[in-house]
Amino acid sequence: MQATLINLANIAAKRPADFIVGWRDGNAVRNDAFLLRAQAWRTLLQDAAGQNFALYIEDSIEFGAALLGAWQARKTVWLTSDTLAASCHALAQSVDGFLGEFSAEWKPLQAGKLDVCSPVDDAAMDADFSALVVHTSGTTGTAQAIPKRLSQLSNEVATLEQVFGSRLGDAEIAATVSHQHIYGLLFKVLWPLTTGRAIHACSQNFPEELLRLLAARPCVLIASPAHLKRLPDHLSWSDAADKLRAVFSSGGPLPTEVAHAAGALLGQIPIEVYGSSETGGIAWRQRSGNQQNMQDDAADESWVPLPHVEWRVAAIKNTDESGHQADRNLLEIRSPHLADDAWLRLADCVETGRDGRFFLTGRSDRIVKIEEKRISLTAIEALLKASDHVCDACVLMCDEAGQRQRLAAFVVLSEQGKHLLATDGKLAMNSHLKNLLVDAIAPVALPRRWRYLEQMPLNAQGKTTHALLRALLDGRPRVPHVRVLQQEAQRVELEIRAPSDLLYFDGHFAEVAILPGVVQLDWAISHGREYFDLPPHFRGVNALKFQRVIGADQAITLELIHDVQKGSLNFRYFSAAGQHASGRVLFAAEADLHA
């Protein structure tokens, strides 16, 4: 029997009871346990009223069981990348119910525990069944719902196995990305479940955890450009490199220098997969590692179409905000990963390469209208990024009820920019950046709102979405109430209370508000920089532990100790209940980075 997603239930039922489906907290999850959970979800949903259900479960194995059970009950599953209130309200307009880890407001259904597994319905599922609805990433606008037939998903899985299966062998699947998006769903859940590769249930959010996992047994790493950019080079990755079979990256092109740096650390230059929620997989590339020959370097940047994906170039005329016309070559594709056999035009600009390959040269769709003037957001971002004061910038339209259309700029400052902001203030910085734009764009295109960030916010897929950026314009608090308890030259104790309306409590978690670990780490670093003269460059985190959760309005003591000799910041959160979290943050001076 050919292993396809359409007959996944049959494949799983014929595997031995002790077959290892995956790993959870270091313990093997056997096939019989997985089938019990899939049946529990199927039993729950068989008699549930309605056809469409939203699903959110962070554990990848339990998620896979819920998805399979829902499909066997012939339910269409809607995926969401988060459980924020706005996301749930939008879903509620389209679904008949919620499954998994949503807040009590949405009355999510939970599968009960079964002790005995009845015979599995081994009939192949209908290829034309509307199995899934995913959403576009939201990086270029409001997220759009994209329906997927089971045949489309099955074709994707078959393509991945055809192209990359021989490299993976029986390696286990580890990931830093979420399965609540199409990339993680395919690579972290559907592909390994179909082909019998063990899944690690939890995403690896910290480099130390990832290193230990990759060094234990042969693995494949499913990552994103954001995660690969931040691999700390002070950790010893050699043990992981010995066992790593492949590294995948998707969600955006990987800069050449990052690809080579990741390859040097991990022993595998990442395989990049180009596609989208709407199109599915389109093409792939893997840099050769040869940086000596410029012609080879150019070929390294081109993309190889996946099997059965046809592509062509559509030449169109585009008029910019100044009224000038320019030719743009846009990519059009036809693919078994699409909903039909028609050609689909994308907003990606391309150039033709050798041997059937192509180059990506940018996007054409970031044009907005303000007072009937066409404004290129990409052009404004390019002008800002050209400044010595700016490391990164993103500009988007503010859609605020009852107000005129206006732009907001989100800027990551360079050290020079941070100095200007600290000495002259925000108004001076705003004026400085506006002066860079006034001679190049129409006055209505000048950003009216400015936010200065340490780094761009990232979601679980490592992407900066419009929703995340707009959340930064929200007036809700993002910092705790703070009171100094003790202060010494290199040590400080602070009492912190996270207010109940803190933005970061949204979606974390369903039953009770819990302060995310990444926020605890960010607050420790922010307050460390406030009280101590820390080196400017972040190097990594060691000995990170989260022992007890921190809830809303809970009095917690944050102790910070600056080790000047080691350039580190030791922190711990504790209360009368005991220790909540601790770790050591490493920093480096500019000179040490190049030593």
# chains A, B, ... in the order shown; residues from 1 in each chain; ligands from 1
>>> residues_around(residues="Ser203 in chain A", least_positions_apart="6", cutoff="8 Å", atoms="only C-alpha atoms", output="list in words")
Ala174, Ala175, Thr176, Val177 and Ser178 of chain A
>>> select_by_dssp(residues="range 131-314 of chain A", states="alpha helix (DSSP H)", output="PyMOL selection string")
chain A and resi 150-168+182-184+191-195+207-216+225-229+238-243+256-266+294-300
>>> closest_atom_pairs(of="range 139-184 of chain A", to="range 62-75 of chain A", cutoff="10 Å", atoms="only C-alpha atoms", output="Markdown table")
| residue | atom | partner | partner_atom | distance |
| --- | --- | --- | --- | --- |
| A:Leu150 | CA | A:Trp71 | CA | 9.4 |
| A:His179 | CA | A:Phe63 | CA | 8.5 |
| A:Gln180 | CA | A:Phe63 | CA | 9.2 |
>>> write_last_selection(atoms="all heavy atoms", output="tab-separated table (two decimals), in the first residue's frame")
chain	number	residue	atom	x	y	z
A	150	LEU	N	-8.28	17.51	0.83
A	150	LEU	CA	-7.36	16.49	1.30
A	150	LEU	C	-6.37	16.09	0.21
A	150	LEU	O	-5.20	15.81	0.49
A	150	LEU	CB	-8.14	15.26	1.78
A	150	LEU	CG	-7.35	14.23	2.57
A	150	LEU	CD1	-6.76	14.84	3.84
A	150	LEU	CD2	-8.24	13.03	2.92
A	179	HIS	N	2.97	23.99	14.39
A	179	HIS	CA	2.20	23.28	13.36
A	179	HIS	C	0.88	23.98	13.06
A	179	HIS	O	0.11	23.49	12.24
A	179	HIS	CB	1.89	21.85	13.84
A	179	HIS	CG	1.27	21.81	15.20
A	179	HIS	ND1	1.92	21.32	16.31
A	179	HIS	CD2	0.07	22.27	15.67
A	179	HIS	CE1	1.15	21.44	17.37
A	179	HIS	NE2	0.03	22.02	17.01
A	180	GLN	N	0.61	25.11	13.70
A	180	GLN	CA	-0.64	25.83	13.46
A	180	GLN	C	-0.59	26.66	12.17
A	180	GLN	O	-1.53	27.39	11.87
A	180	GLN	CB	-0.97	26.73	14.66
A	180	GLN	CG	-1.22	25.98	15.95
A	180	GLN	CD	-2.57	25.28	16.03
A	180	GLN	OE1	-2.74	24.28	16.72
A	180	GLN	NE2	-3.55	25.80	15.31
>>> atom_distance(atom1="CA of Arg37 in chain A", atom2="CA of Leu5 in chain A")
18.2 Å
>>> closest_residue(among="A:Val564, A:Leu211, A:Ala339, A:Ala467", to="Ser81 in chain A", atoms="only C-alpha atoms")
A:Ala467
>>> residues_around(residues="range 427-429 of chain A", least_positions_apart="4", cutoff="10 Å", atoms="only C-alpha atoms", output="NGL selection string")
:A and (389 or 417-418 or 420-423 or 433-435 or 450 or 452)
>>> write_last_selection(atoms="C-alpha atoms", output="mmCIF file, in the first residue's frame")
data_model
loop_
_atom_site.group_PDB
_atom_site.id
_atom_site.type_symbol
_atom_site.label_atom_id
_atom_site.label_comp_id
_atom_site.auth_asym_id
_atom_site.auth_seq_id
_atom_site.Cartn_x
_atom_site.Cartn_y
_atom_site.Cartn_z
ATOM 1 C CA HIS A 389 20.376 55.292 12.371
ATOM 2 C CA GLY A 417 20.071 55.761 16.346
ATOM 3 C CA LYS A 418 19.712 54.598 19.947
ATOM 4 C CA LEU A 420 20.156 60.004 19.262
ATOM 5 C CA LEU A 421 16.929 58.718 20.805
ATOM 6 C CA ALA A 422 18.464 58.619 24.293
ATOM 7 C CA THR A 423 20.025 62.098 24.093
ATOM 8 C CA LEU A 433 13.520 60.152 10.066
ATOM 9 C CA LYS A 434 10.736 62.233 8.501
ATOM 10 C CA ASN A 435 13.388 64.508 7.000
ATOM 11 C CA TRP A 450 6.369 55.836 15.199
ATOM 12 C CA TYR A 452 11.033 52.156 18.223
#
>>> residues_around(residues="range 375-380 of chain A", least_positions_apart="6", cutoff="10 Å", atoms="only C-alpha atoms", output="list in words")
Asp320, Glu321, Ser322, Gly362, Arg363, Ser364, Asp365, Arg366, Ile367, Val368, Lys369, Ala393, Cys394, Val395, Leu396, Met397, Leu407, Ala409, Leu436, Leu437, Ala440, Ile441, Ala442, Val444, Ala445, Leu446 and Pro447 of chain A
>>> write_last_selection(atoms="N, CA and C atoms", output="PDB file, in the first residue's frame")
ATOM      1  N   ASP A 320       3.811  53.689 -10.318  1.00  0.00           N
ATOM      2  CA  ASP A 320       4.116  54.010  -8.926  1.00  0.00           C
ATOM      3  C   ASP A 320       3.426  55.308  -8.524  1.00  0.00           C
ATOM      4  N   GLU A 321       3.699  55.760  -7.287  1.00  0.00           N
ATOM      5  CA  GLU A 321       2.991  56.927  -6.762  1.00  0.00           C
ATOM      6  C   GLU A 321       3.361  58.213  -7.503  1.00  0.00           C
ATOM      7  N   SER A 322       4.455  58.200  -8.250  1.00  0.00           N
ATOM      8  CA  SER A 322       4.852  59.393  -9.011  1.00  0.00           C
ATOM      9  C   SER A 322       4.275  59.388 -10.419  1.00  0.00           C
ATOM     10  N   GLY A 362      11.825  40.311  -5.437  1.00  0.00           N
ATOM     11  CA  GLY A 362      11.035  41.257  -4.651  1.00  0.00           C
ATOM     12  C   GLY A 362       9.547  41.022  -4.826  1.00  0.00           C
ATOM     13  N   ARG A 363       8.747  41.934  -4.266  1.00  0.00           N
ATOM     14  CA  ARG A 363       7.293  41.827  -4.355  1.00  0.00           C
ATOM     15  C   ARG A 363       6.706  43.117  -4.927  1.00  0.00           C
ATOM     16  N   SER A 364       5.526  42.980  -5.496  1.00  0.00           N
ATOM     17  CA  SER A 364       4.893  44.131  -6.152  1.00  0.00           C
ATOM     18  C   SER A 364       3.607  44.573  -5.475  1.00  0.00           C
ATOM     19  N   ASP A 365       3.217  43.930  -4.363  1.00  0.00           N
ATOM     20  CA  ASP A 365       1.874  44.151  -3.851  1.00  0.00           C
ATOM     21  C   ASP A 365       1.785  45.084  -2.654  1.00  0.00           C
ATOM     22  N   ARG A 366       2.848  45.766  -2.290  1.00  0.00           N
ATOM     23  CA  ARG A 366       2.789  46.610  -1.105  1.00  0.00           C
ATOM     24  C   ARG A 366       2.522  48.056  -1.509  1.00  0.00           C
ATOM     25  N   ILE A 367       1.466  48.216  -2.307  1.00  0.00           N
ATOM     26  CA  ILE A 367       1.004  49.532  -2.736  1.00  0.00           C
ATOM     27  C   ILE A 367      -0.324  49.823  -2.033  1.00  0.00           C
ATOM     28  N   VAL A 368      -0.421  50.969  -1.352  1.00  0.00           N
ATOM     29  CA  VAL A 368      -1.665  51.364  -0.700  1.00  0.00           C
ATOM     30  C   VAL A 368      -2.095  52.723  -1.252  1.00  0.00           C
ATOM     31  N   LYS A 369      -3.368  53.057  -1.049  1.00  0.00           N
ATOM     32  CA  LYS A 369      -3.888  54.350  -1.478  1.00  0.00           C
ATOM     33  C   LYS A 369      -4.247  55.178  -0.265  1.00  0.00           C
ATOM     34  N   ALA A 393      13.156  48.272   9.395  1.00  0.00           N
ATOM     35  CA  ALA A 393      11.951  49.105   9.428  1.00  0.00           C
ATOM     36  C   ALA A 393      10.813  48.392   8.730  1.00  0.00           C
ATOM     37  N   CYS A 394       9.607  48.625   9.222  1.00  0.00           N
ATOM     38  CA  CYS A 394       8.406  48.110   8.578  1.00  0.00           C
ATOM     39  C   CYS A 394       7.334  49.196   8.662  1.00  0.00           C
ATOM     40  N   VAL A 395       6.628  49.432   7.573  1.00  0.00           N
ATOM     41  CA  VAL A 395       5.607  50.466   7.511  1.00  0.00           C
ATOM     42  C   VAL A 395       4.291  49.816   7.109  1.00  0.00           C
ATOM     43  N   LEU A 396       3.208  50.182   7.764  1.00  0.00           N
ATOM     44  CA  LEU A 396       1.903  49.653   7.392  1.00  0.00           C
ATOM     45  C   LEU A 396       0.822  50.699   7.613  1.00  0.00           C
ATOM     46  N   MET A 397      -0.335  50.417   7.036  1.00  0.00           N
ATOM     47  CA  MET A 397      -1.482  51.312   7.141  1.00  0.00           C
ATOM     48  C   MET A 397      -2.202  51.071   8.451  1.00  0.00           C
ATOM     49  N   LEU A 407      -0.162  56.211   8.086  1.00  0.00           N
ATOM     50  CA  LEU A 407       0.837  55.149   8.151  1.00  0.00           C
ATOM     51  C   LEU A 407       1.508  55.124   9.518  1.00  0.00           C
ATOM     52  N   ALA A 409       5.107  53.596  11.357  1.00  0.00           N
ATOM     53  CA  ALA A 409       6.451  53.068  11.090  1.00  0.00           C
ATOM     54  C   ALA A 409       6.979  52.386  12.349  1.00  0.00           C
ATOM     55  N   LEU A 436      14.241  62.370   6.214  1.00  0.00           N
ATOM     56  CA  LEU A 436      14.791  61.473   5.194  1.00  0.00           C
ATOM     57  C   LEU A 436      13.777  61.179   4.095  1.00  0.00           C
ATOM     58  N   LEU A 437      12.506  61.415   4.396  1.00  0.00           N
ATOM     59  CA  LEU A 437      11.443  61.018   3.480  1.00  0.00           C
ATOM     60  C   LEU A 437      10.812  62.167   2.711  1.00  0.00           C
ATOM     61  N   ALA A 440      11.228  62.625  -1.021  1.00  0.00           N
ATOM     62  CA  ALA A 440      11.062  61.452  -1.873  1.00  0.00           C
ATOM     63  C   ALA A 440       9.625  60.968  -1.980  1.00  0.00           C
ATOM     64  N   ILE A 441       8.783  61.341  -1.031  1.00  0.00           N
ATOM     65  CA  ILE A 441       7.407  60.832  -1.047  1.00  0.00           C
ATOM     66  C   ILE A 441       6.429  61.970  -0.807  1.00  0.00           C
ATOM     67  N   ALA A 442       5.161  61.722  -1.142  1.00  0.00           N
ATOM     68  CA  ALA A 442       4.118  62.724  -0.945  1.00  0.00           C
ATOM     69  C   ALA A 442       3.903  62.962   0.546  1.00  0.00           C
ATOM     70  N   VAL A 444       1.276  63.114   2.331  1.00  0.00           N
ATOM     71  CA  VAL A 444       0.288  62.240   2.965  1.00  0.00           C
ATOM     72  C   VAL A 444       0.878  60.869   3.298  1.00  0.00           C
ATOM     73  N   ALA A 445       2.064  60.554   2.697  1.00  0.00           N
ATOM     74  CA  ALA A 445       2.681  59.251   2.926  1.00  0.00           C
ATOM     75  C   ALA A 445       3.634  59.246   4.114  1.00  0.00           C
ATOM     76  N   LEU A 446       3.854  60.418   4.720  1.00  0.00           N
ATOM     77  CA  LEU A 446       4.738  60.450   5.891  1.00  0.00           C
ATOM     78  C   LEU A 446       4.081  59.707   7.060  1.00  0.00           C
ATOM     79  N   PRO A 447       4.788  58.773   7.684  1.00  0.00           N
ATOM     80  CA  PRO A 447       4.205  58.073   8.846  1.00  0.00           C
ATOM     81  C   PRO A 447       3.813  59.062   9.937  1.00  0.00           C
TER      82      PRO A 447
END
